[in-house]
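Chemist: A single structure is presented below for examination.
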Amino acid sequence: MKLAIIGATGLVGSTLLKVIEELKVSYTELILAASEKSVGKSIFYNDKEHHLVTIDRAIELKPDIAIFSAGSAPSHEYAPVFAKQGCFVIDNSSAWRMQKDVPLVVPEINASSIDSSTKIIANPNCSTIQMVMALAPLHERYGIQRIVVSTYQSVSGTGKKAIEQLMDERANNEAIKVYPHAIDLNCIPHGGTFLENGNTSEEEKLIHETRKILNDSTIQVSATVVRVPVIGGHSESVNLEFKKPFELSDIYSTLNKTTGITIQDDPQSNIYPMPLKAHNKNEVYLGRIRRDSSIKNGLNLWVVSDNLRKGAATNAIQIAQYLINNQLV
């Protein structure tokens, strides 16, 4: 089984390699592709030196699975080329997420949407993944009518240069700005680009991807995305309005049974999820679970996860594992 990583030198690409090793993904050949400026360089991985190749060379090597983490433009151009020769493409960009015939997959929720014909599979936005992990089992049981979510997103979601800006500012060095303002000692209510309706592109992703993954276009979603001076791990304040009444004990019981979720909720002992503790972990952490008495059937959640792990690399590798375990490759 030939496995290709397209964009192997980026933050998500390097995390993909860590997760492949940790989850013991079985492959016979690993193909690492990167931009032209990186071609010829090598990565020492799993006791072997791997030379970086171009995307065109990766196509010639005919991988069975190609995981893309190189941005929307390369995904638009090259994903269909890989797919045409029978390769499964798992794409981390936003290029294919809202395409009607492309499944948007969080394996714990909707892996069954993958079959032998779905050669391009979209990985959702990092903020969407961690939120729907908590929402899916609750929606199935109580029916979600409305979601209000505010995110507190780490700079690693923007990339290496954003981390450099934060650390340069923190060290009082001259920083190359990725963001329009200083990020250290600041919060920036700006993720992606602003649209005519006042939302940002990142907020629109939370709205539309959530509906697609939960397979319910009637869910009302209001989202506000905020970038915060944290290196790794996204946090979310999520307010839910259900169609059906619930007991808090049943909420805990439902979430405790959900694969991939860990509850950390003992506020009297100062136990609750934090990005510092979620860093380099694959789980989604939930806490501050409490009833919202201001609305009928209201619930508040605090959701934290490592955006480079479950929010990107881990989710993609779990999709690859599904393909392998179900003998689709």
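Order determines the names: the first chain of the structure tokens is A, the second B, and so forth; residues in each chain are numbered 1 upward, and ligands are numbered 1 upward as they are shown.
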Show me, as a count of residues only, the residues that have an atom within 8 Å of segment 228-241 of chain A when counting only C-alpha atoms, minus same-chain residues fewer than 6 positions from it.
Modeler: 44
Chemist: Please return as a PyMOL selection string: the residues of segment 129-191 of chain A that backbone DSSP assigns to alpha helix (DSSP H).
Modeler: chain A and resi 129-142+160-170
Chemist: The selected residues should be written to file as a compact mmCIF listing (two decimals), in the first residue's frame (atoms: C-alpha atoms).
Modeler:
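Below is the file out.txt, written as the result:
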# COMPACT_ATOMS: atom_id res chain seq x y z
CA ILE A 129 -14.25 18.70 13.70
CA GLN A 130 -13.92 19.19 17.44
CA MET A 131 -17.36 20.78 17.72
CA VAL A 132 -19.26 18.11 15.80
CA MET A 133 -17.50 15.38 17.78
CA ALA A 134 -19.41 16.67 20.79
CA LEU A 135 -22.58 17.57 18.90
CA ALA A 136 -23.22 14.44 16.84
CA PRO A 137 -24.29 12.09 19.68
CA LEU A 138 -26.38 14.86 21.28
CA HIS A 139 -28.06 15.76 17.99
CA GLU A 140 -28.98 12.13 17.43
CA ARG A 141 -30.64 11.95 20.83
CA TYR A 142 -32.18 15.39 21.36
CA LYS A 160 4.47 28.37 10.90
CA LYS A 161 4.76 32.07 10.09
CA ALA A 162 1.97 32.89 12.54
CA ILE A 163 3.81 31.07 15.32
CA GLU A 164 6.92 33.04 14.39
CA GLN A 165 4.99 36.32 14.60
CA LEU A 166 3.72 35.46 18.09
CA MET A 167 7.11 34.36 19.39
CA ASP A 168 8.93 37.36 17.86
CA GLU A 169 6.45 39.73 19.45
CA ARG A 170 6.78 37.93 22.77
Chemist: Do you know which residues are at most 9 Å from Tyr27 of chain A counting only C-alpha atoms, after dropping those on the same chain fewer than 4 positions away, and could you put them as a ChimeraX atom specification?
Modeler: /A:1-3
Chemist: Residues near Ser116 of chain A, anyone? I mean within 12 Å using only C-alpha atoms, not counting same-chain ones fewer than 4 positions away, as a list in words.
Modeler: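 The residues satisfying every condition are Ala83, Gly86, Cys87, Phe88, Val89, Ser112, Ile120, Ile121, Tyr322, Leu323, Ile324, Asn326, Gln327, Leu328 and Val329 of chain A.
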Chemist: Store the residues picked out above in a file with N, CA and C atoms, as an mmCIF file, in the first residue's frame.
Modeler:
data_model
loop_
_atom_site.group_PDB
_atom_site.id
_atom_site.type_symbol
_atom_site.label_atom_id
_atom_site.label_comp_id
_atom_site.auth_asym_id
_atom_site.auth_seq_id
_atom_site.Cartn_x
_atom_site.Cartn_y
_atom_site.Cartn_z
ATOM 1 N N ALA A 83 -7.082 11.064 -8.258
ATOM 2 C CA ALA A 83 -8.315 10.277 -8.198
ATOM 3 C C ALA A 83 -8.576 9.534 -9.501
ATOM 4 N N GLY A 86 -7.202 6.142 -9.710
ATOM 5 C CA GLY A 86 -7.662 5.189 -8.705
ATOM 6 C C GLY A 86 -7.177 5.448 -7.294
ATOM 7 N N CYS A 87 -6.486 6.558 -7.079
ATOM 8 C CA CYS A 87 -5.964 6.885 -5.758
ATOM 9 C C CYS A 87 -7.050 7.558 -4.919
ATOM 10 N N PHE A 88 -7.142 7.181 -3.633
ATOM 11 C CA PHE A 88 -8.011 7.895 -2.705
ATOM 12 C C PHE A 88 -7.282 9.151 -2.229
ATOM 13 N N VAL A 89 -7.934 10.296 -2.369
ATOM 14 C CA VAL A 89 -7.374 11.556 -1.912
ATOM 15 C C VAL A 89 -8.105 11.995 -0.647
ATOM 16 N N SER A 112 -19.345 5.956 7.163
ATOM 17 C CA SER A 112 -20.136 5.145 6.229
ATOM 18 C C SER A 112 -20.429 5.870 4.920
ATOM 19 N N ILE A 120 -12.270 11.232 -3.769
ATOM 20 C CA ILE A 120 -11.862 12.444 -3.064
ATOM 21 C C ILE A 120 -12.695 12.559 -1.795
ATOM 22 N N ILE A 121 -12.014 12.641 -0.660
ATOM 23 C CA ILE A 121 -12.663 12.724 0.649
ATOM 24 C C ILE A 121 -12.156 13.991 1.331
ATOM 25 N N TYR A 322 -9.594 3.771 7.952
ATOM 26 C CA TYR A 322 -10.911 3.231 7.549
ATOM 27 C C TYR A 322 -10.817 2.601 6.166
ATOM 28 N N LEU A 323 -10.158 3.293 5.240
ATOM 29 C CA LEU A 323 -9.989 2.759 3.879
ATOM 30 C C LEU A 323 -9.237 1.439 3.904
ATOM 31 N N ILE A 324 -8.185 1.375 4.725
ATOM 32 C CA ILE A 324 -7.363 0.166 4.800
ATOM 33 C C ILE A 324 -8.124 -0.962 5.491
ATOM 34 N N ASN A 326 -11.247 -1.483 5.813
ATOM 35 C CA ASN A 326 -12.412 -1.954 5.054
ATOM 36 C C ASN A 326 -12.035 -2.425 3.648
ATOM 37 N N GLN A 327 -10.734 -2.617 3.455
ATOM 38 C CA GLN A 327 -10.189 -3.199 2.229
ATOM 39 C C GLN A 327 -10.632 -2.453 0.973
ATOM 40 N N LEU A 328 -10.691 -1.117 1.094
ATOM 41 C CA LEU A 328 -11.007 -0.292 -0.058
ATOM 42 C C LEU A 328 -9.753 0.045 -0.854
ATOM 43 N N VAL A 329 -8.578 -0.202 -0.240
ATOM 44 C CA VAL A 329 -7.302 -0.066 -0.950
ATOM 45 C C VAL A 329 -6.541 -1.365 -0.865
#
Chemist: Do you know which residues are at most 10 Å from His76 of chain A counting only C-alpha atoms, after dropping those on the same chain fewer than 5 positions away, and could you put them as number ranges by chain?
Modeler: A: 71, 81, 91, 93-96
Chemist: As a PyMOL selection string, list the residues of segment 91-292 of chain A assigned to strand (DSSP E or B) by DSSP on the backbone atoms of this structure.
Modeler: chain A and resi 91+104+120-122+144-153+188+194+200+220-227+234-242+261-263+266+271+284-292
Chemist: Mind running segment 30-85 of chain A against segment 9-23 of chain A at 12 Å and telling me each contacting residue's nearest atom pair with the distance in Å (one decimal), counting only C-alpha atoms, chain and number ascending, as JSON lines?
Modeler:
{"residue": "A:Leu30", "atom": "CA", "partner": "A:Leu17", "partner_atom": "CA", "distance": 10.0}
{"residue": "A:Ile31", "atom": "CA", "partner": "A:Leu17", "partner_atom": "CA", "distance": 11.2}
{"residue": "A:Leu32", "atom": "CA", "partner": "A:Thr9", "partner_atom": "CA", "distance": 8.7}
{"residue": "A:Ala33", "atom": "CA", "partner": "A:Thr9", "partner_atom": "CA", "distance": 8.3}
{"residue": "A:Ala34", "atom": "CA", "partner": "A:Thr9", "partner_atom": "CA", "distance": 6.5}
{"residue": "A:Ser35", "atom": "CA", "partner": "A:Thr9", "partner_atom": "CA", "distance": 8.7}
{"residue": "A:Glu36", "atom": "CA", "partner": "A:Thr9", "partner_atom": "CA", "distance": 11.7}
{"residue": "A:Lys37", "atom": "CA", "partner": "A:Thr9", "partner_atom": "CA", "distance": 11.0}
{"residue": "A:Ser38", "atom": "CA", "partner": "A:Thr9", "partner_atom": "CA", "distance": 8.2}
{"residue": "A:Val39", "atom": "CA", "partner": "A:Thr9", "partner_atom": "CA", "distance": 10.5}
{"residue": "A:Lys41", "atom": "CA", "partner": "A:Thr9", "partner_atom": "CA", "distance": 10.2}
{"residue": "A:Ser42", "atom": "CA", "partner": "A:Thr9", "partner_atom": "CA", "distance": 10.0}
{"residue": "A:Ile43", "atom": "CA", "partner": "A:Thr9", "partner_atom": "CA", "distance": 8.7}
{"residue": "A:Phe44", "atom": "CA", "partner": "A:Leu17", "partner_atom": "CA", "distance": 10.8}
{"residue": "A:Tyr45", "atom": "CA", "partner": "A:Leu17", "partner_atom": "CA", "distance": 8.0}
{"residue": "A:Asn46", "atom": "CA", "partner": "A:Glu21", "partner_atom": "CA", "distance": 7.7}
{"residue": "A:Asp47", "atom": "CA", "partner": "A:Glu21", "partner_atom": "CA", "distance": 11.4}
{"residue": "A:His50", "atom": "CA", "partner": "A:Leu17", "partner_atom": "CA", "distance": 11.8}
{"residue": "A:His51", "atom": "CA", "partner": "A:Thr9", "partner_atom": "CA", "distance": 11.6}
{"residue": "A:Leu52", "atom": "CA", "partner": "A:Thr9", "partner_atom": "CA", "distance": 9.0}
{"residue": "A:Val53", "atom": "CA", "partner": "A:Thr9", "partner_atom": "CA", "distance": 11.3}
{"residue": "A:Ala66", "atom": "CA", "partner": "A:Leu16", "partner_atom": "CA", "distance": 11.8}
{"residue": "A:Ile67", "atom": "CA", "partner": "A:Leu16", "partner_atom": "CA", "distance": 8.9}
{"residue": "A:Phe68", "atom": "CA", "partner": "A:Gly13", "partner_atom": "CA", "distance": 8.5}
{"residue": "A:Ser69", "atom": "CA", "partner": "A:Gly13", "partner_atom": "CA", "distance": 6.3}
{"residue": "A:Ala70", "atom": "CA", "partner": "A:Gly10", "partner_atom": "CA", "distance": 7.8}
{"residue": "A:Gly71", "atom": "CA", "partner": "A:Gly10", "partner_atom": "CA", "distance": 10.3}
Chemist: For those residues, write N, CA and C atoms to a file as a PDB file, in the first residue's frame.
Modeler:
ATOM      1  N   LEU A  30       6.285   4.979   1.395  1.00  0.00           N
ATOM      2  CA  LEU A  30       5.861   6.318   1.802  1.00  0.00           C
ATOM      3  C   LEU A  30       6.453   7.335   0.834  1.00  0.00           C
ATOM      4  N   ILE A  31       5.575   8.132   0.229  1.00  0.00           N
ATOM      5  CA  ILE A  31       5.980   9.135  -0.752  1.00  0.00           C
ATOM      6  C   ILE A  31       5.750  10.511  -0.144  1.00  0.00           C
ATOM      7  N   LEU A  32       6.797  11.301  -0.033  1.00  0.00           N
ATOM      8  CA  LEU A  32       6.687  12.623   0.569  1.00  0.00           C
ATOM      9  C   LEU A  32       6.899  13.687  -0.496  1.00  0.00           C
ATOM     10  N   ALA A  33       5.872  14.483  -0.725  1.00  0.00           N
ATOM     11  CA  ALA A  33       5.931  15.524  -1.753  1.00  0.00           C
ATOM     12  C   ALA A  33       5.855  16.906  -1.106  1.00  0.00           C
ATOM     13  N   ALA A  34       6.522  17.855  -1.715  1.00  0.00           N
ATOM     14  CA  ALA A  34       6.539  19.223  -1.189  1.00  0.00           C
ATOM     15  C   ALA A  34       6.684  20.199  -2.348  1.00  0.00           C
ATOM     16  N   SER A  35       6.815  21.458  -2.035  1.00  0.00           N
ATOM     17  CA  SER A  35       6.953  22.483  -3.063  1.00  0.00           C
ATOM     18  C   SER A  35       8.297  22.354  -3.774  1.00  0.00           C
ATOM     19  N   GLU A  36       8.403  23.024  -4.897  1.00  0.00           N
ATOM     20  CA  GLU A  36       9.618  22.949  -5.714  1.00  0.00           C
ATOM     21  C   GLU A  36      10.870  23.318  -4.927  1.00  0.00           C
ATOM     22  N   LYS A  37      10.759  24.320  -4.036  1.00  0.00           N
ATOM     23  CA  LYS A  37      11.943  24.773  -3.302  1.00  0.00           C
ATOM     24  C   LYS A  37      12.452  23.728  -2.302  1.00  0.00           C
ATOM     25  N   SER A  38      11.595  22.752  -1.944  1.00  0.00           N
ATOM     26  CA  SER A  38      11.998  21.721  -0.992  1.00  0.00           C
ATOM     27  C   SER A  38      12.448  20.428  -1.667  1.00  0.00           C
ATOM     28  N   VAL A  39      12.169  20.314  -2.965  1.00  0.00           N
ATOM     29  CA  VAL A  39      12.504  19.081  -3.690  1.00  0.00           C
ATOM     30  C   VAL A  39      14.015  18.845  -3.664  1.00  0.00           C
ATOM     31  N   LYS A  41      15.577  17.865  -0.970  1.00  0.00           N
ATOM     32  CA  LYS A  41      15.884  17.741   0.450  1.00  0.00           C
ATOM     33  C   LYS A  41      15.337  16.402   0.955  1.00  0.00           C
ATOM     34  N   SER A  42      15.702  16.039   2.144  1.00  0.00           N
ATOM     35  CA  SER A  42      15.246  14.740   2.655  1.00  0.00           C
ATOM     36  C   SER A  42      14.743  14.870   4.084  1.00  0.00           C
ATOM     37  N   ILE A  43      13.889  13.935   4.454  1.00  0.00           N
ATOM     38  CA  ILE A  43      13.364  13.829   5.815  1.00  0.00           C
ATOM     39  C   ILE A  43      13.723  12.452   6.342  1.00  0.00           C
ATOM     40  N   PHE A  44      14.395  12.410   7.489  1.00  0.00           N
ATOM     41  CA  PHE A  44      14.716  11.126   8.106  1.00  0.00           C
ATOM     42  C   PHE A  44      13.545  10.716   8.977  1.00  0.00           C
ATOM     43  N   TYR A  45      12.902   9.628   8.593  1.00  0.00           N
ATOM     44  CA  TYR A  45      11.670   9.230   9.270  1.00  0.00           C
ATOM     45  C   TYR A  45      11.582   7.715   9.359  1.00  0.00           C
ATOM     46  N   ASN A  46      11.259   7.237  10.536  1.00  0.00           N
ATOM     47  CA  ASN A  46      11.073   5.801  10.753  1.00  0.00           C
ATOM     48  C   ASN A  46      12.316   5.020  10.313  1.00  0.00           C
ATOM     49  N   ASP A  47      13.494   5.526  10.735  1.00  0.00           N
ATOM     50  CA  ASP A  47      14.780   4.878  10.464  1.00  0.00           C
ATOM     51  C   ASP A  47      15.141   4.828   8.984  1.00  0.00           C
ATOM     52  N   HIS A  50      13.960   9.772   3.508  1.00  0.00           N
ATOM     53  CA  HIS A  50      12.978   9.935   2.438  1.00  0.00           C
ATOM     54  C   HIS A  50      13.275  11.237   1.694  1.00  0.00           C
ATOM     55  N   HIS A  51      13.505  11.119   0.398  1.00  0.00           N
ATOM     56  CA  HIS A  51      13.776  12.306  -0.407  1.00  0.00           C
ATOM     57  C   HIS A  51      12.455  12.935  -0.848  1.00  0.00           C
ATOM     58  N   LEU A  52      12.361  14.237  -0.703  1.00  0.00           N
ATOM     59  CA  LEU A  52      11.147  14.954  -1.098  1.00  0.00           C
ATOM     60  C   LEU A  52      11.047  15.027  -2.617  1.00  0.00           C
ATOM     61  N   VAL A  53       9.840  14.811  -3.120  1.00  0.00           N
ATOM     62  CA  VAL A  53       9.611  14.818  -4.573  1.00  0.00           C
ATOM     63  C   VAL A  53       8.545  15.857  -4.912  1.00  0.00           C
ATOM     64  N   ALA A  66      -3.453   9.338  -1.042  1.00  0.00           N
ATOM     65  CA  ALA A  66      -2.674  10.579  -0.989  1.00  0.00           C
ATOM     66  C   ALA A  66      -3.366  11.541  -0.039  1.00  0.00           C
ATOM     67  N   ILE A  67      -2.649  11.955   0.998  1.00  0.00           N
ATOM     68  CA  ILE A  67      -3.195  12.911   1.947  1.00  0.00           C
ATOM     69  C   ILE A  67      -2.642  14.289   1.600  1.00  0.00           C
ATOM     70  N   PHE A  68      -3.538  15.199   1.248  1.00  0.00           N
ATOM     71  CA  PHE A  68      -3.157  16.542   0.824  1.00  0.00           C
ATOM     72  C   PHE A  68      -3.184  17.508   1.999  1.00  0.00           C
ATOM     73  N   SER A  69      -2.093  18.236   2.175  1.00  0.00           N
ATOM     74  CA  SER A  69      -2.055  19.316   3.153  1.00  0.00           C
ATOM     75  C   SER A  69      -1.166  20.429   2.609  1.00  0.00           C
ATOM     76  N   ALA A  70      -1.542  20.901   1.433  1.00  0.00           N
ATOM     77  CA  ALA A  70      -0.720  21.893   0.726  1.00  0.00           C
ATOM     78  C   ALA A  70      -1.514  23.121   0.307  1.00  0.00           C
ATOM     79  N   GLY A  71      -2.746  23.253   0.795  1.00  0.00           N
ATOM     80  CA  GLY A  71      -3.567  24.403   0.445  1.00  0.00           C
ATOM     81  C   GLY A  71      -4.575  24.098  -0.647  1.00  0.00           C
TER      82      GLY A  71
END
Chemist: I need the residue nearest Glu108 of chain A from this list: A:Leu206, A:Ala73, A:Ile261, A:Ile6. Use only C-alpha atoms for the distance.
Modeler: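 Selected residue with least distance to Glu108 of chain A: A:Ile261.
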Chemist: Taking 2 positions as the minimum chain separation for residues in the same chain, which residues sit within 8 Å of Ala316 of chain A when counting only C-alpha atoms? Answer as a ChimeraX atom specification.
Modeler: /A:67,90-92,123,312-314,318-320
Chemist: Just checking: using only C-alpha atoms, which residue out of A:Ser217, A:Thr259, A:Ser26, A:Thr54 ends up closest to Val284 of chain A?
Modeler: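 Selected residue with least distance to Val284 of chain A: A:Thr259.
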Chemist: Skipping near chain neighbours, those fewer than 4 positions away, what residues fall within 8 Å of Gln321 of chain A using only C-alpha atoms, listed as a PDB file with N, CA and C atoms, in the first residue's frame?
Modeler:
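And here's around.pdb as it stands now:
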ATOM      1  N   VAL A  25       0.083   2.932  11.212  1.00  0.00           N
ATOM      2  CA  VAL A  25      -0.545   2.756   9.904  1.00  0.00           C
ATOM      3  C   VAL A  25       0.361   1.895   9.025  1.00  0.00           C
ATOM      4  N   ILE A 317      -5.681  10.662   9.138  1.00  0.00           N
ATOM      5  CA  ILE A 317      -5.115   9.315   9.270  1.00  0.00           C
ATOM      6  C   ILE A 317      -6.197   8.309   9.647  1.00  0.00           C
ATOM      7  N   ASN A 325      -8.738  -0.672   6.624  1.00  0.00           N
ATOM      8  CA  ASN A 325      -9.440  -1.707   7.400  1.00  0.00           C
ATOM      9  C   ASN A 325     -10.628  -2.287   6.668  1.00  0.00           C
TER      10      ASN A 325
END
Chemist: Just to confirm, what's the straight-line distance from atom CA of Asn110 of chain A to atom CA of Leu214 of chain A in Å (one decimal)?
Modeler: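 Going from atom CA of Asn110 of chain A over to atom CA of Leu214 of chain A, I get 8.3 Å.
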Chemist: Using only C-alpha atoms, which of the listed residues (A:Ile251, A:Ile289, A:Lys48, A:Glu174) sits closest to Asp265 of chain A?
Modeler: A:Ile289
Chemist: Can you tell me how far atom CA of Ala182 of chain A sits from atom CA of Glu209 of chain A, in Å to one decimal?
Modeler: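 For atom CA of Ala182 of chain A relative to atom CA of Glu209 of chain A, the distance reads 29.6 Å.
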